[in-house]
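Engineer: Data file target.cif (mmCIF, C-alpha atoms (C1' of nucleotides)) is appended below.
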```
data_input
loop_
_atom_site.label_atom_id
_atom_site.label_comp_id
_atom_site.auth_asym_id
_atom_site.auth_seq_id
_atom_site.Cartn_x
_atom_site.Cartn_y
_atom_site.Cartn_z
CA MET V 639 0.32 5.34 3.39
CA PRO V 640 1.06 2.06 2.00
CA GLU V 641 2.48 -0.83 3.86
CA ILE V 642 1.84 -2.21 7.28
CA LEU V 643 4.70 -0.39 9.01
CA GLU V 644 3.44 3.01 7.94
CA VAL V 645 -0.14 2.18 8.83
CA GLU V 646 0.96 0.99 12.25
CA ALA V 647 2.85 4.25 12.77
CA SER V 648 -0.32 6.11 11.83
CA ARG V 649 -2.35 3.97 14.19
CA LEU V 650 -0.03 4.99 17.03
CA LEU V 651 -0.31 8.62 16.01
CA LEU V 652 -4.10 8.41 16.18
CA GLU V 653 -4.04 6.45 19.41
CA ARG V 654 -2.01 9.19 21.03
CA GLY V 655 -3.66 12.16 19.40
CA ALA V 656 -7.17 11.44 18.21
CA LEU V 657 -8.94 9.42 20.90
CA HIS V 658 -11.41 10.55 23.54
CA ARG V 659 -12.31 13.89 22.02
CA THR V 660 -15.69 14.59 20.57
CA VAL V 661 -15.96 14.84 16.81
CA THR V 662 -17.44 18.28 16.37
CA ALA V 663 -17.47 18.54 12.59
CA VAL V 664 -16.75 16.47 9.50
CA ASP V 665 -15.52 17.88 6.23
CA ALA V 666 -15.57 15.45 3.32
CA PRO V 667 -15.19 17.57 0.19
CA ASP V 668 -14.45 14.59 -2.06
CA ALA V 669 -17.47 12.30 -2.02
CA TRP V 670 -15.62 9.90 -4.30
CA TYR V 671 -13.28 9.16 -1.40
CA LEU V 672 -16.18 7.71 0.60
CA LYS V 673 -16.83 4.07 -0.21
CA ARG V 674 -19.73 1.62 -0.13
CA GLY V 675 -22.48 4.16 -0.44
CA LEU V 676 -21.22 6.42 2.30
CA THR V 677 -22.05 10.10 1.81
CA PRO V 678 -20.59 13.21 3.43
CA GLY V 679 -23.84 13.72 5.29
CA GLY V 680 -24.01 10.11 6.35
CA LEU V 681 -20.47 10.25 7.65
CA ALA V 682 -21.21 13.39 9.65
CA ASP V 683 -24.36 11.83 11.09
CA ALA V 684 -22.36 8.79 12.13
CA LEU V 685 -19.46 10.62 13.75
CA VAL V 686 -20.47 14.04 15.05
CA GLY V 687 -21.06 13.90 18.78
CA ARG V 688 -19.15 10.67 19.16
CA ARG V 689 -15.57 10.07 20.24
CA PHE V 690 -13.01 7.63 18.97
CA VAL V 691 -12.33 5.15 21.73
CA ALA V 692 -9.76 2.88 20.09
CA ALA V 693 -7.40 2.91 17.13
CA ARG V 694 -6.96 -0.57 15.69
CA ARG V 695 -5.40 -1.98 12.59
CA ARG V 696 -5.66 -5.08 10.49
CA GLY V 697 -3.08 -5.24 7.78
CA LYS V 698 -3.15 -1.92 6.02
CA LEU V 699 -6.69 -1.14 7.15
CA LEU V 700 -6.90 1.40 9.96
CA LEU V 701 -9.92 1.10 12.22
CA LEU V 702 -11.33 3.68 14.60
CA ASP V 703 -13.96 2.50 17.06
CA THR V 704 -16.50 5.09 18.11
CA SER V 705 -18.29 5.71 21.38
CA ARG V 706 -21.92 4.97 22.24
CA GLY V 707 -22.05 1.91 20.05
CA GLY V 708 -21.35 3.91 16.93
CA PRO V 709 -19.88 2.52 13.73
CA VAL V 710 -16.26 1.71 13.03
CA LEU V 711 -14.51 4.17 10.77
CA GLY V 712 -12.27 2.33 8.34
CA LEU V 713 -9.47 4.13 6.53
CA HIS V 714 -7.24 2.76 3.84
CA PHE V 715 -4.55 4.86 2.31
CA GLY V 716 -3.80 3.39 -1.08
CA MET V 717 -0.33 4.31 -2.16
CA THR V 718 -0.25 7.99 -1.36
CA GLY V 719 -2.59 8.60 1.56
CA ARG V 720 -1.44 9.98 4.89
CA VAL V 721 -3.14 11.02 8.06
CA PHE V 722 -2.21 14.12 10.00
CA VAL V 723 -3.17 15.10 13.52
CA ASP V 724 -2.78 18.81 14.05
CA GLY V 725 -0.39 19.04 11.14
CA ARG V 726 1.83 16.19 12.22
CA ALA V 727 2.12 12.94 10.31
CA ALA V 728 3.53 9.64 11.49
CA GLN V 729 6.30 9.96 8.94
CA ASP V 730 7.54 13.01 7.15
CA ARG V 731 8.68 11.15 4.11
CA LEU V 732 6.51 9.08 1.87
CA LEU V 733 7.72 7.62 -1.38
CA TYR V 734 5.90 8.04 -4.64
CA THR V 735 3.94 11.02 -3.51
CA SER V 736 4.59 14.67 -3.13
CA ARG V 737 6.52 16.02 -0.20
CA ARG V 738 4.22 18.99 -0.20
CA ALA V 739 0.93 18.99 1.63
CA ASP V 740 -1.48 20.76 -0.66
CA PRO V 741 -4.85 21.35 1.06
CA VAL V 742 -6.68 20.33 -2.11
CA TRP V 743 -5.51 16.79 -1.35
CA ASP V 744 -7.32 16.81 1.98
CA ARG V 745 -10.01 14.21 1.35
CA LEU V 746 -11.34 14.06 4.89
CA THR V 747 -11.08 16.41 7.85
CA LEU V 748 -12.44 15.61 11.29
CA HIS V 749 -12.57 18.33 13.90
CA LEU V 750 -11.89 16.91 17.34
CA GLY V 751 -12.88 18.85 20.40
CA ARG V 752 -12.31 22.56 20.19
CA ALA V 753 -8.92 22.83 18.60
CA SER V 754 -7.75 19.57 17.07
CA ARG V 755 -7.97 18.39 13.52
CA MET V 756 -7.40 15.03 11.96
CA VAL V 757 -6.80 15.16 8.21
CA VAL V 758 -6.55 12.42 5.62
CA SER V 759 -4.55 13.67 2.67
CA ASP V 760 -4.29 11.61 -0.49
CA PRO V 761 -3.04 13.17 -3.74
CA ARG V 762 -3.88 10.19 -5.92
CA ARG V 763 -7.20 9.37 -4.29
CA LEU V 764 -6.42 5.67 -4.27
CA GLY V 765 -7.38 5.33 -0.63
CA GLY V 766 -10.78 5.76 0.92
CA ALA V 767 -12.99 5.82 3.99
CA GLU V 768 -15.90 3.60 4.89
CA LEU V 769 -18.07 2.67 7.84
CA ASP V 770 -18.03 -0.79 9.40
CA PRO V 771 -15.59 -2.32 6.94
CA ASP V 772 -15.53 -6.08 6.56
CA GLU V 773 -12.48 -6.91 8.63
CA GLU V 774 -12.83 -10.63 8.05
CA ARG V 775 -11.98 -10.37 4.39
CA LEU V 776 -8.42 -9.78 5.53
CA GLY V 777 -6.10 -12.58 6.57
CA VAL V 778 -3.89 -12.78 9.62
CA ASP V 779 -2.06 -9.57 10.41
CA ALA V 780 1.52 -9.74 9.19
CA LEU V 781 2.94 -8.34 12.43
CA SER V 782 1.61 -11.34 14.34
CA LEU V 783 2.35 -13.94 11.72
CA ARG V 784 3.02 -17.43 13.08
CA ALA V 785 4.39 -20.54 11.45
CA GLY V 786 0.96 -22.09 11.02
CA ASP V 787 -0.39 -18.93 9.42
CA LEU V 788 2.35 -18.90 6.83
CA ALA V 789 1.83 -22.59 6.13
CA ARG V 790 -1.86 -21.99 5.50
CA ALA V 791 -1.14 -18.96 3.33
CA LEU V 792 1.10 -20.93 1.01
CA HIS V 793 -0.41 -24.40 1.13
CA GLY V 794 -1.85 -25.64 -2.12
CA SER V 795 -1.35 -22.38 -3.97
CA ARG V 796 -0.16 -22.46 -7.54
CA ALA V 797 0.29 -18.70 -7.55
CA PRO V 798 3.77 -17.18 -7.55
CA LEU V 799 5.16 -16.94 -4.03
CA LYS V 800 5.17 -13.18 -4.17
CA ALA V 801 1.54 -13.02 -5.30
CA ALA V 802 0.50 -15.22 -2.40
CA LEU V 803 2.35 -13.02 0.08
CA LEU V 804 0.74 -9.90 -1.37
CA ASP V 805 -2.75 -11.43 -1.18
CA GLN V 806 -4.35 -9.53 1.67
CA ALA V 807 -6.88 -12.30 2.25
CA ARG V 808 -4.04 -14.66 3.11
CA ILE V 809 -1.75 -12.34 5.04
CA ALA V 810 -2.78 -8.75 5.65
CA GLY V 811 -0.29 -5.94 5.54
CA LEU V 812 2.58 -6.94 3.27
CA GLY V 813 3.18 -4.68 0.30
CA ASN V 814 5.48 -4.65 -2.67
CA LEU V 815 8.59 -3.29 -0.99
CA LEU V 816 8.39 -5.44 2.12
CA VAL V 817 7.88 -8.60 0.11
CA ASP V 818 10.75 -7.88 -2.26
CA GLU V 819 12.99 -7.21 0.73
CA ALA V 820 11.95 -10.32 2.65
CA LEU V 821 12.31 -12.63 -0.37
CA TRP V 822 15.69 -11.13 -1.12
CA ARG V 823 16.76 -11.77 2.48
CA ALA V 824 15.35 -15.29 2.41
CA GLY V 825 17.03 -16.11 -0.90
CA LEU V 826 13.74 -17.15 -2.48
CA ASP V 827 12.68 -16.50 -6.07
CA PRO V 828 9.47 -14.43 -6.04
CA ALA V 829 8.23 -16.31 -9.10
CA ARG V 830 8.43 -19.82 -7.66
CA ARG V 831 5.18 -21.51 -6.80
CA ALA V 832 3.94 -20.63 -3.35
CA ALA V 833 3.22 -24.22 -2.40
CA SER V 834 6.81 -25.20 -3.20
CA VAL V 835 7.98 -23.27 -0.15
CA ASP V 836 7.85 -25.84 2.58
CA GLY V 837 9.87 -27.19 5.47
CA ASP V 838 13.19 -25.44 5.91
CA LEU V 839 12.44 -22.97 3.14
CA ARG V 840 9.25 -21.91 4.85
CA ARG V 841 11.03 -21.52 8.16
CA ARG V 842 13.60 -19.38 6.43
CA LEU V 843 10.86 -17.27 4.85
CA LEU V 844 9.10 -16.79 8.18
CA ALA V 845 12.33 -15.64 9.78
CA ALA V 846 12.98 -13.24 6.90
CA LEU V 847 9.49 -11.77 7.09
CA ARG V 848 9.74 -11.27 10.84
CA GLY V 849 13.24 -9.86 10.63
CA THR V 850 12.29 -7.51 7.82
CA LEU V 851 9.27 -6.19 9.70
CA ARG V 852 11.18 -5.76 12.95
CA GLU V 853 14.26 -4.17 11.43
CA LEU V 854 12.57 -1.88 8.94
CA GLY V 855 10.10 -0.91 11.62
CA ARG V 856 12.97 0.23 13.80
CA ARG V 857 14.59 2.03 10.90
CA GLY V 858 11.46 3.93 10.10
CA GLY V 859 9.50 2.32 7.31
CA SER V 860 9.09 0.02 4.35
CA HIS V 861 11.50 2.03 2.23
CA THR V 862 14.48 1.44 4.56
CA GLY V 863 15.29 -2.08 3.37
CA ASP V 864 18.75 -3.21 2.33
CA LEU V 865 17.49 -3.91 -1.19
CA MET V 866 15.83 -0.53 -1.58
CA GLU V 867 18.77 1.39 -2.98
CA ALA V 868 19.35 -1.20 -5.67
CA ARG V 869 15.67 -1.40 -6.57
CA VAL V 870 16.14 0.61 -9.75
CA ARG V 871 16.83 -0.23 -13.36
CA GLY V 872 20.41 -1.43 -13.62
CA GLY V 873 20.61 -2.06 -9.88
CA ARG V 874 23.00 -4.66 -8.50
CA CYS V 875 22.45 -7.06 -5.65
CA PRO V 876 23.90 -5.56 -2.46
CA ARG V 877 24.79 -9.05 -1.29
CA ASP V 878 26.67 -10.53 -4.24
CA GLY V 879 26.84 -7.82 -6.89
CA ALA V 880 24.83 -9.67 -9.52
CA ALA V 881 22.66 -7.63 -11.85
CA LEU V 882 19.17 -7.56 -10.37
CA GLU V 883 16.31 -8.91 -12.40
CA ARG V 884 13.32 -6.66 -12.94
CA ARG V 885 10.02 -8.39 -13.64
CA THR V 886 6.31 -8.03 -13.14
CA ILE V 887 5.05 -10.65 -10.69
CA GLY V 888 1.64 -10.57 -9.11
CA GLY V 889 1.03 -7.46 -11.16
CA ARG V 890 3.75 -5.57 -9.36
CA THR V 891 7.22 -4.42 -10.31
CA THR V 892 9.59 -6.94 -8.80
CA PHE V 893 13.33 -6.80 -8.24
CA SER V 894 15.21 -9.95 -7.35
CA CYS V 895 18.69 -11.40 -7.52
CA PRO V 896 19.03 -14.30 -9.99
CA ALA V 897 22.24 -15.38 -8.27
CA HIS V 898 21.00 -16.07 -4.76
CA GLN V 899 17.19 -16.09 -4.93
CA ARG V 900 16.05 -19.57 -5.91
"C1'" DA W 1090 -12.24 -21.11 -6.54
"C1'" DT W 1091 -8.07 -19.31 -8.01
"C1'" DT W 1092 -5.18 -16.62 -10.70
"C1'" DG W 1093 -4.10 -12.94 -14.01
"C1'" DT W 1094 -5.06 -8.42 -16.18
"C1'" DG W 1095 -6.55 -3.82 -16.62
"C1'" DG W 1096 -7.97 0.21 -14.65
"C1'" DC W 1097 -8.57 3.62 -11.26
"C1'" DC W 1098 -6.32 8.47 -10.02
"C1'" DT W 1099 -2.66 12.09 -9.87
"C1'" DG W 1100 2.10 13.79 -9.26
"C1'" DC W 1101 6.81 13.52 -10.34
"C1'" DC W 1102 11.01 12.57 -12.78
"C1'" DC W 1103 13.59 11.63 -16.76
"C1'" DG W 1104 15.02 12.46 -21.35
"C1'" DC W 1105 14.46 15.08 -25.43
"C1'" DT C 1286 12.01 25.86 -19.90
"C1'" DG C 1287 8.47 22.81 -21.70
"C1'" DC C 1288 6.53 18.47 -22.78
"C1'" DG C 1289 5.42 13.56 -23.25
"C1'" DG C 1290 6.14 9.07 -21.50
"C1'" DG C 1291 6.75 6.08 -17.94
"C1'" DC C 1292 6.44 5.06 -13.41
"C1'" DA C 1293 4.60 4.69 -8.62
"C1'" DG C 1294 4.57 1.37 -1.36
"C1'" DG C 1295 -2.77 -0.42 -3.35
"C1'" DC C 1296 -6.86 -2.44 -4.44
"C1'" DC C 1297 -11.10 -3.74 -7.00
"C1'" DA C 1298 -13.87 -5.57 -10.80
"C1'" DC C 1299 -13.71 -8.63 -14.21
"C1'" DA C 1300 -12.11 -12.44 -17.34
"C1'" DA C 1301 -10.24 -16.98 -18.09
#
```
Show this structure as structure tokens.

Structural biologist:
Amino acid sequence: MPEILEVEASRLLLERGALHRTVTAVDAPDAWYLKRGLTPGGLADALVGRRFVAARRRGKLLLLDTSRGGPVLGLHFGMTGRVFVDGRAAQDRLLYTSRRADPVWDRLTLHLGRASRMVVSDPRRLGGAELDPDEERLGVDALSLRAGDLARALHGSRAPLKAALLDQARIAGLGNLLVDEALWRAGLDPARRAASVDGDLRRRLLAALRGTLRELGRRGGSHTGDLMEARVRGGRCPRDGAALERRTIGGRTTFSCPAHQR
DNA sequence: ATTGTGGCCTGCCCGC
DNA sequence: TGCGGGCAGGCCACAA
């Protein structure tokens, strides 16, 4: 699933339910889902007989370390991917994908021990699995973002503020909904130049990002923001009632309030 | 190097 | 009820 909060919830699910049991079988019916030359056979060779010893995350990339010096299994979920452990997902509701769980969407199944199964389901096949992903291509994890990190992410960039925040090489984990929510809370125009956000504005943005992550995390996901309900055509700003503006910024559908986001 | 665009996939929802 | 169009929480290759 998409943004950092959902991936973190999935990481916890795997940490509690998928570690320390031997991978006994691998079922990868959709070879297209395997990236960077990985094949179903190669994946089985790499995993069968090993155990997952840690579930890590960097941004939206989920990382499973394996025993006996084996490779790292990297999972990314695109917009519609979810992971299940024994039929249970980290969240029952996922926007923009089906509520159903059709087995034909199971792109990867790992049998753990005698009776457990870990399944990656992804209707749109926009996610994928790989071995030993390049973790360094991702910037600082958004959940541990510090003032200096944000300064570096924005400094000198002529890109729109929103595009800079969505750039996973600068800050890893923020997605479209979280960024729209945080910029709405901070009162910042998503289209303004990233480098123009400095000083007090940058402090305000940092506080909004942290507050958004903390609060929406408690509420249960990226879709629980205060802006979310109004994030439709004809929506009005929940703060001041102004008609929301709908634009494409950074290649993504963007809702913002022309009255209080500057 | 940085930024912008199109495309990848498939399911769902809206309006006719 | 059926159908086409538009849309979608991500990311990558490519162009300018």

Engineer: Do you have, as a Markdown table, the list of residues of chain V lying at most 8 Å from chain C, each with its nearest atom pair and that distance in Å to one decimal, counting all atoms listed in the file and ordered by chain then number?

Structural biologist:
```
| residue | atom | partner | partner_atom | distance |
| --- | --- | --- | --- | --- |
| V:Met639 | CA | C:DG1294 | C1' | 7.5 |
| V:Pro640 | CA | C:DG1294 | C1' | 4.9 |
| V:Glu641 | CA | C:DG1294 | C1' | 6.0 |
| V:Phe715 | CA | C:DG1295 | C1' | 7.9 |
| V:Gly716 | CA | C:DG1295 | C1' | 4.6 |
| V:Met717 | CA | C:DG1295 | C1' | 5.5 |
| V:Leu733 | CA | C:DG1294 | C1' | 7.0 |
| V:Tyr734 | CA | C:DA1293 | C1' | 5.4 |
| V:Leu764 | CA | C:DG1295 | C1' | 7.2 |
| V:Gly765 | CA | C:DG1295 | C1' | 7.9 |
| V:Gly813 | CA | C:DG1294 | C1' | 6.4 |
| V:Asn814 | CA | C:DG1294 | C1' | 6.2 |
| V:Leu815 | CA | C:DG1294 | C1' | 6.2 |
| V:Ser860 | CA | C:DG1294 | C1' | 7.4 |
| V:His861 | CA | C:DG1294 | C1' | 7.8 |
```

Engineer: What does the PyMOL selection byres ((chain V and resi 647) around 10) select in this file, as an MDAnalysis selection string?

Structural biologist: chainID V and resid 639 642:646 648:653 727:729 855 858:859

Engineer: Please report, as AutoDock Vina command-line options, the centre and edge lengths in Å to one decimal of an axis-aligned box covering all listed atoms of segment 748-760 of chain V with 5 Å per side.

Structural biologist:
```
--center_x -8.6 --center_y 17.2 --center_z 10.0 --size_x 18.6 --size_y 21.2 --size_z 30.9
```

Engineer: Quick one: which residues end up in the PyMOL selection byres ((chain V and resi 783-792) around 8) for this structure, as a PyMOL selection string?

Structural biologist: chain V and resi 778-782+793-795+799+802-803+808-809+832-833+835-836+840-841+844+848

Engineer: Could you list, as a count of residues only, every residue within 12 Å of Trp822 of chain V, counting all atoms listed in the file and ignoring same-chain residues fewer than 5 positions away?

Structural biologist: 32

Engineer: Please report as a count of residues only which residues of chain W come no farther than 7 Å from chain V, using all atoms listed in the file.

Structural biologist: 4

Engineer: Which is closest to DG1093 of chain W among V:Arg745, V:Ala880, V:Arg890, V:Ala666, if we use only C-alpha atoms (C1' of nucleotides)?

Structural biologist: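 Distance minimum relative to DG1093 of chain W lands on V:Arg890.
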
Engineer: Quick check on the file I pasted: which residues fall under the PyMOL selection byres ((chain V and resi 749) around 12)? Write them as a PDB file with C-alpha atoms, keeping the file's coordinate frame.

Structural biologist:
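Final output, saved to part05.pdb:
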```pdb
ATOM      1  CA  ALA V 656      -7.170  11.440  18.210  1.00  0.00           C
ATOM      2  CA  LEU V 657      -8.940   9.420  20.900  1.00  0.00           C
ATOM      3  CA  ARG V 659     -12.310  13.890  22.020  1.00  0.00           C
ATOM      4  CA  THR V 660     -15.690  14.590  20.570  1.00  0.00           C
ATOM      5  CA  VAL V 661     -15.960  14.840  16.810  1.00  0.00           C
ATOM      6  CA  THR V 662     -17.440  18.280  16.370  1.00  0.00           C
ATOM      7  CA  ALA V 663     -17.470  18.540  12.590  1.00  0.00           C
ATOM      8  CA  VAL V 664     -16.750  16.470   9.500  1.00  0.00           C
ATOM      9  CA  ASP V 665     -15.520  17.880   6.230  1.00  0.00           C
ATOM     10  CA  ALA V 666     -15.570  15.450   3.320  1.00  0.00           C
ATOM     11  CA  ALA V 682     -21.210  13.390   9.650  1.00  0.00           C
ATOM     12  CA  LEU V 685     -19.460  10.620  13.750  1.00  0.00           C
ATOM     13  CA  VAL V 686     -20.470  14.040  15.050  1.00  0.00           C
ATOM     14  CA  GLY V 687     -21.060  13.900  18.780  1.00  0.00           C
ATOM     15  CA  ARG V 688     -19.150  10.670  19.160  1.00  0.00           C
ATOM     16  CA  ARG V 689     -15.570  10.070  20.240  1.00  0.00           C
ATOM     17  CA  PHE V 690     -13.010   7.630  18.970  1.00  0.00           C
ATOM     18  CA  PHE V 722      -2.210  14.120  10.000  1.00  0.00           C
ATOM     19  CA  VAL V 723      -3.170  15.100  13.520  1.00  0.00           C
ATOM     20  CA  ASP V 724      -2.780  18.810  14.050  1.00  0.00           C
ATOM     21  CA  LEU V 746     -11.340  14.060   4.890  1.00  0.00           C
ATOM     22  CA  THR V 747     -11.080  16.410   7.850  1.00  0.00           C
ATOM     23  CA  LEU V 748     -12.440  15.610  11.290  1.00  0.00           C
ATOM     24  CA  LEU V 750     -11.890  16.910  17.340  1.00  0.00           C
ATOM     25  CA  GLY V 751     -12.880  18.850  20.400  1.00  0.00           C
ATOM     26  CA  ARG V 752     -12.310  22.560  20.190  1.00  0.00           C
ATOM     27  CA  ALA V 753      -8.920  22.830  18.600  1.00  0.00           C
ATOM     28  CA  SER V 754      -7.750  19.570  17.070  1.00  0.00           C
ATOM     29  CA  ARG V 755      -7.970  18.390  13.520  1.00  0.00           C
ATOM     30  CA  MET V 756      -7.400  15.030  11.960  1.00  0.00           C
ATOM     31  CA  VAL V 757      -6.800  15.160   8.210  1.00  0.00           C
ATOM     32  CA  VAL V 758      -6.550  12.420   5.620  1.00  0.00           C
TER      33      VAL V 758
END
```

Engineer: Can you measure atom CA of Ala692 of chain V to atom CA of His658 of chain V for me? One decimal in Å is fine.

Structural biologist: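 So the answer is 8.6 Å.
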
Engineer: Just give me the gap between atom CA of Gly655 of chain V and atom CA of Leu681 of chain V in Å, one decimal is fine.

Structural biologist: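 Atom CA of Leu681 of chain V lies 20.6 Å from atom CA of Gly655 of chain V.
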
Engineer: Rounded to one decimal place, report the atom CA of Val721 of chain V-atom CA of Ser759 of chain V distance in Å.

Structural biologist: 6.2 Å

Engineer: Could you tell me, as a ChimeraX atom specification, which residues have any atom at most 9 Å from (-8.9, 2.1, 15.2), counting all atoms listed in the file?

Structural biologist: /V:649,652-653,690-695,699-704,710-713

Engineer: With C-alpha atoms retained, could you export that selection as a compact mmCIF listing (two decimals), keeping the file's coordinate frame?

Structural biologist:
```txt
# COMPACT_ATOMS: atom_id res chain seq x y z
CA ARG V 649 -2.35 3.97 14.19
CA LEU V 652 -4.10 8.41 16.18
CA GLU V 653 -4.04 6.45 19.41
CA PHE V 690 -13.01 7.63 18.97
CA VAL V 691 -12.33 5.15 21.73
CA ALA V 692 -9.76 2.88 20.09
CA ALA V 693 -7.40 2.91 17.13
CA ARG V 694 -6.96 -0.57 15.69
CA ARG V 695 -5.40 -1.98 12.59
CA LEU V 699 -6.69 -1.14 7.15
CA LEU V 700 -6.90 1.40 9.96
CA LEU V 701 -9.92 1.10 12.22
CA LEU V 702 -11.33 3.68 14.60
CA ASP V 703 -13.96 2.50 17.06
CA THR V 704 -16.50 5.09 18.11
CA VAL V 710 -16.26 1.71 13.03
CA LEU V 711 -14.51 4.17 10.77
CA GLY V 712 -12.27 2.33 8.34
CA LEU V 713 -9.47 4.13 6.53
```

Engineer: Missing atoms in segment 812-828 of chain V: fill them in up to N, CA, C and O atoms and send the result as a PDB file, keeping the file's coordinate frame.

Structural biologist:
```pdb
ATOM      1  N   LEU V 812       1.352  -6.975   4.060  1.00  0.00           N
ATOM      2  CA  LEU V 812       2.580  -6.940   3.270  1.00  0.00           C
ATOM      3  C   LEU V 812       2.329  -6.229   1.950  1.00  0.00           C
ATOM      4  O   LEU V 812       1.320  -6.464   1.291  1.00  0.00           O
ATOM      5  N   GLY V 813       3.255  -5.373   1.576  1.00  0.00           N
ATOM      6  CA  GLY V 813       3.180  -4.680   0.300  1.00  0.00           C
ATOM      7  C   GLY V 813       4.392  -4.985  -0.549  1.00  0.00           C
ATOM      8  O   GLY V 813       5.237  -5.811  -0.194  1.00  0.00           O
ATOM      9  N   ASN V 814       4.470  -4.310  -1.666  1.00  0.00           N
ATOM     10  CA  ASN V 814       5.480  -4.650  -2.670  1.00  0.00           C
ATOM     11  C   ASN V 814       6.905  -4.548  -2.143  1.00  0.00           C
ATOM     12  O   ASN V 814       7.717  -5.439  -2.367  1.00  0.00           O
ATOM     13  N   LEU V 815       7.209  -3.471  -1.441  1.00  0.00           N
ATOM     14  CA  LEU V 815       8.590  -3.290  -0.990  1.00  0.00           C
ATOM     15  C   LEU V 815       8.969  -4.295   0.085  1.00  0.00           C
ATOM     16  O   LEU V 815      10.059  -4.870   0.058  1.00  0.00           O
ATOM     17  N   LEU V 816       8.084  -4.509   1.039  1.00  0.00           N
ATOM     18  CA  LEU V 816       8.390  -5.440   2.120  1.00  0.00           C
ATOM     19  C   LEU V 816       8.583  -6.853   1.593  1.00  0.00           C
ATOM     20  O   LEU V 816       9.476  -7.585   2.030  1.00  0.00           O
ATOM     21  N   VAL V 817       7.760  -7.239   0.640  1.00  0.00           N
ATOM     22  CA  VAL V 817       7.880  -8.600   0.110  1.00  0.00           C
ATOM     23  C   VAL V 817       9.165  -8.756  -0.695  1.00  0.00           C
ATOM     24  O   VAL V 817       9.878  -9.750  -0.541  1.00  0.00           O
ATOM     25  N   ASP V 818       9.485  -7.780  -1.524  1.00  0.00           N
ATOM     26  CA  ASP V 818      10.750  -7.880  -2.260  1.00  0.00           C
ATOM     27  C   ASP V 818      11.927  -7.981  -1.299  1.00  0.00           C
ATOM     28  O   ASP V 818      12.848  -8.774  -1.512  1.00  0.00           O
ATOM     29  N   GLU V 819      11.897  -7.193  -0.252  1.00  0.00           N
ATOM     30  CA  GLU V 819      12.990  -7.210   0.730  1.00  0.00           C
ATOM     31  C   GLU V 819      13.081  -8.564   1.440  1.00  0.00           C
ATOM     32  O   GLU V 819      14.151  -9.147   1.566  1.00  0.00           O
ATOM     33  N   ALA V 820      11.935  -9.065   1.888  1.00  0.00           N
ATOM     34  CA  ALA V 820      11.950 -10.320   2.650  1.00  0.00           C
ATOM     35  C   ALA V 820      12.383 -11.498   1.770  1.00  0.00           C
ATOM     36  O   ALA V 820      13.134 -12.368   2.219  1.00  0.00           O
ATOM     37  N   LEU V 821      11.918 -11.524   0.514  1.00  0.00           N
ATOM     38  CA  LEU V 821      12.310 -12.630  -0.370  1.00  0.00           C
ATOM     39  C   LEU V 821      13.782 -12.531  -0.738  1.00  0.00           C
ATOM     40  O   LEU V 821      14.471 -13.547  -0.870  1.00  0.00           O
ATOM     41  N   TRP V 822      14.259 -11.318  -0.856  1.00  0.00           N
ATOM     42  CA  TRP V 822      15.690 -11.130  -1.120  1.00  0.00           C
ATOM     43  C   TRP V 822      16.503 -11.636   0.084  1.00  0.00           C
ATOM     44  O   TRP V 822      17.496 -12.340  -0.075  1.00  0.00           O
ATOM     45  N   ARG V 823      16.059 -11.304   1.269  1.00  0.00           N
ATOM     46  CA  ARG V 823      16.760 -11.770   2.480  1.00  0.00           C
ATOM     47  C   ARG V 823      16.685 -13.286   2.619  1.00  0.00           C
ATOM     48  O   ARG V 823      17.643 -13.924   3.074  1.00  0.00           O
ATOM     49  N   ALA V 824      15.542 -13.847   2.247  1.00  0.00           N
ATOM     50  CA  ALA V 824      15.350 -15.290   2.410  1.00  0.00           C
ATOM     51  C   ALA V 824      16.031 -16.086   1.298  1.00  0.00           C
ATOM     52  O   ALA V 824      16.169 -17.310   1.398  1.00  0.00           O
ATOM     53  N   GLY V 825      16.428 -15.399   0.224  1.00  0.00           N
ATOM     54  CA  GLY V 825      17.030 -16.110  -0.900  1.00  0.00           C
ATOM     55  C   GLY V 825      16.019 -16.931  -1.671  1.00  0.00           C
ATOM     56  O   GLY V 825      16.329 -18.021  -2.151  1.00  0.00           O
ATOM     57  N   LEU V 826      14.791 -16.417  -1.782  1.00  0.00           N
ATOM     58  CA  LEU V 826      13.740 -17.150  -2.480  1.00  0.00           C
ATOM     59  C   LEU V 826      13.298 -16.378  -3.718  1.00  0.00           C
ATOM     60  O   LEU V 826      13.083 -15.156  -3.659  1.00  0.00           O
ATOM     61  N   ASP V 827      13.127 -17.100  -4.820  1.00  0.00           N
ATOM     62  CA  ASP V 827      12.680 -16.500  -6.070  1.00  0.00           C
ATOM     63  C   ASP V 827      11.206 -16.123  -5.946  1.00  0.00           C
ATOM     64  O   ASP V 827      10.366 -16.988  -5.679  1.00  0.00           O
ATOM     65  N   PRO V 828      10.871 -14.861  -6.159  1.00  0.00           N
ATOM     66  CA  PRO V 828       9.470 -14.430  -6.040  1.00  0.00           C
ATOM     67  C   PRO V 828       8.535 -15.165  -6.992  1.00  0.00           C
ATOM     68  O   PRO V 828       7.328 -15.249  -6.733  1.00  0.00           O
TER      69      PRO V 828
END
```
